[in-house]
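Visitor: Dumping the structure here so I can ask a few things about it.
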Amino acid sequence: MEYVKINSLWKRQGWYFEQNKKKSQEYQDGRQSFITGDYAEEEFGNIKKWHVEEKVDGTNIRIMYKDGKVTFGGRTDNAQIPCNLLQHLVDTFTETAMHKAFPCAEDQPYPNVVVYGEGYGPKIQSAGGNYRRDVGLIMFDVRVGGWWLKREDVTNIASVLQVPMCPSLGLMVENQIVEFVKSKPLSLCSMNPQMMEGVICRSDPLVLFRNGKPLMWKLKCKEF
């Protein structure tokens, strides 16, 4: 299953979608593309507190574990994974490691699992080399069957697999999150100091849309 598309908190102004204006410094300087207060999804306004995580600048990766076999994918089924990152995934997410992280009884079928993470490091996005000296994967979600796991369960699985988790920034209300992003904080998982790409905010406790998509949104520091 491909990872869900994450909307920004607010809708955007029409000019943002016109490519000639979106790329023009005249429209970018000193202007927000957001329509502040007009939520991209009306449900966002019903949540009082959000669990906030750092958004890492990398490439979306899926590790799929089905019938005891491990396969890898990008954001979409057609996405290409850099060769050095693919080798890291093969070495890290072995069948033995995945079976240890997702054990089941001998008479039970293997669970249908998707581990979601961000491939990051040198030559992966412009900021990649600041995060670490080599390529790697940082986890942010796990889906088992039709269930999205809780943050604490995802953290436990990451510990078993010996891979890092996207840093948690705790619970905040909307105004706190906006002010935090506007302050352009430094990344908590970067080897060299650099501005955090942004934040991912999830409802706490987890709430799903009717189509099963988790209620979540993002904000990027560079958009302020």
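Ligands are numbered from 1 in the order shown, residues from 1 within each chain, and chains are lettered A, B, ... in the order they appear in the structure tokens.
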Pick out the residues sitting within 9 Å of Asp38 (chain A), and hand them over as a list in words; count only C-alpha atoms, and ignore anything fewer than 5 positions along from it in its own chain.
Guide: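 The neighbour list is Leu9, Trp10, Lys11 and Arg12 of chain A.
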Visitor: Give me the residues within 6 Å of Lys220 (chain A) as number ranges by chain, counting only C-alpha atoms and dropping any in the same chain fewer than 3 places off.
Guide: A: 197-198, 223
Visitor: Please dump the current selection as a compact mmCIF listing (two decimals), in the first residue's frame; keep C-alpha atoms.
Guide:
```txt
# COMPACT_ATOMS: atom_id res chain seq x y z
CA GLU A 197 12.40 20.73 6.86
CA GLY A 198 9.11 20.93 8.73
CA GLU A 223 6.94 28.30 3.56
```
Visitor: Please determine, counting only C-alpha atoms, which residue among A:Trp148, A:Tyr120, A:Tyr131, A:Tyr65 has the shortest atom-to-atom distance to His99 (chain A).
Guide: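 Answer, going by the shortest atom-to-atom distance: A:Tyr65.
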Visitor: Find the residues of region 18-93 of chain A that sit at most 8 Å from region 172-180 of chain A; for each, write down the nearest two atoms and how far apart they are in Å, to one decimal. Count only C-alpha atoms. Sort by chain, then by number going up, and give it as CSV.
Guide:
```
residue,atom,partner,partner_atom,distance
A:Lys48,CA,A:Val173,CA,5.9
A:Lys49,CA,A:Val173,CA,4.7
A:Trp50,CA,A:Met172,CA,5.5
A:His51,CA,A:Met172,CA,6.6
A:Val52,CA,A:Met172,CA,7.0
```
Visitor: Could you save those same residues with C-alpha atoms as a PDB file, in the first residue's frame?
Guide:
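Dumped everything to again-v1.pdb:
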```
ATOM      1  CA  LYS A  48      -7.361  20.325  19.762  1.00  0.00           C
ATOM      2  CA  LYS A  49      -3.969  18.663  20.300  1.00  0.00           C
ATOM      3  CA  TRP A  50      -1.639  17.111  17.774  1.00  0.00           C
ATOM      4  CA  HIS A  51       1.333  14.793  18.090  1.00  0.00           C
ATOM      5  CA  VAL A  52       4.172  16.491  16.217  1.00  0.00           C
TER       6      VAL A  52
END
```
Visitor: Compare A:Cys83, A:Leu215, A:Met196, A:Val163 by their minimum atom-to-atom distance to Ile6 (chain A), counting only C-alpha atoms, and give me the closest one.
Guide: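 Closest to Ile6 (chain A), using only C-alpha atoms: A:Leu215.
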Visitor: Can you pull out the residues contacting Gln162 (chain A)? Cut-off 10 Å, using only C-alpha atoms, and skip same-chain residues under 5 positions away; I want them as a list in words.
Guide: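 Neighbouring residues, sequence-local ones excluded: Thr92, Phe93, Ala97, Asn156 and Ile157 of chain A.
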Visitor: With N, CA and C atoms retained, could you export that selection as a CSV table (one decimal), in the first residue's frame?
Guide:
```
chain,number,residue,atom,x,y,z
A,92,THR,N,19.6,-4.3,5.8
A,92,THR,CA,18.9,-4.0,7.1
A,92,THR,C,17.7,-4.8,7.3
A,93,PHE,N,16.8,-4.8,6.3
A,93,PHE,CA,15.5,-5.4,6.5
A,93,PHE,C,15.4,-6.8,5.9
A,97,ALA,N,15.3,-10.4,10.2
A,97,ALA,CA,15.0,-9.2,11.0
A,97,ALA,C,13.5,-8.9,11.1
A,156,ASN,N,8.9,0.7,19.2
A,156,ASN,CA,9.5,-0.6,19.6
A,156,ASN,C,9.9,-1.4,18.4
A,157,ILE,N,9.2,-1.4,17.3
A,157,ILE,CA,9.6,-2.1,16.1
A,157,ILE,C,10.9,-1.5,15.6
```
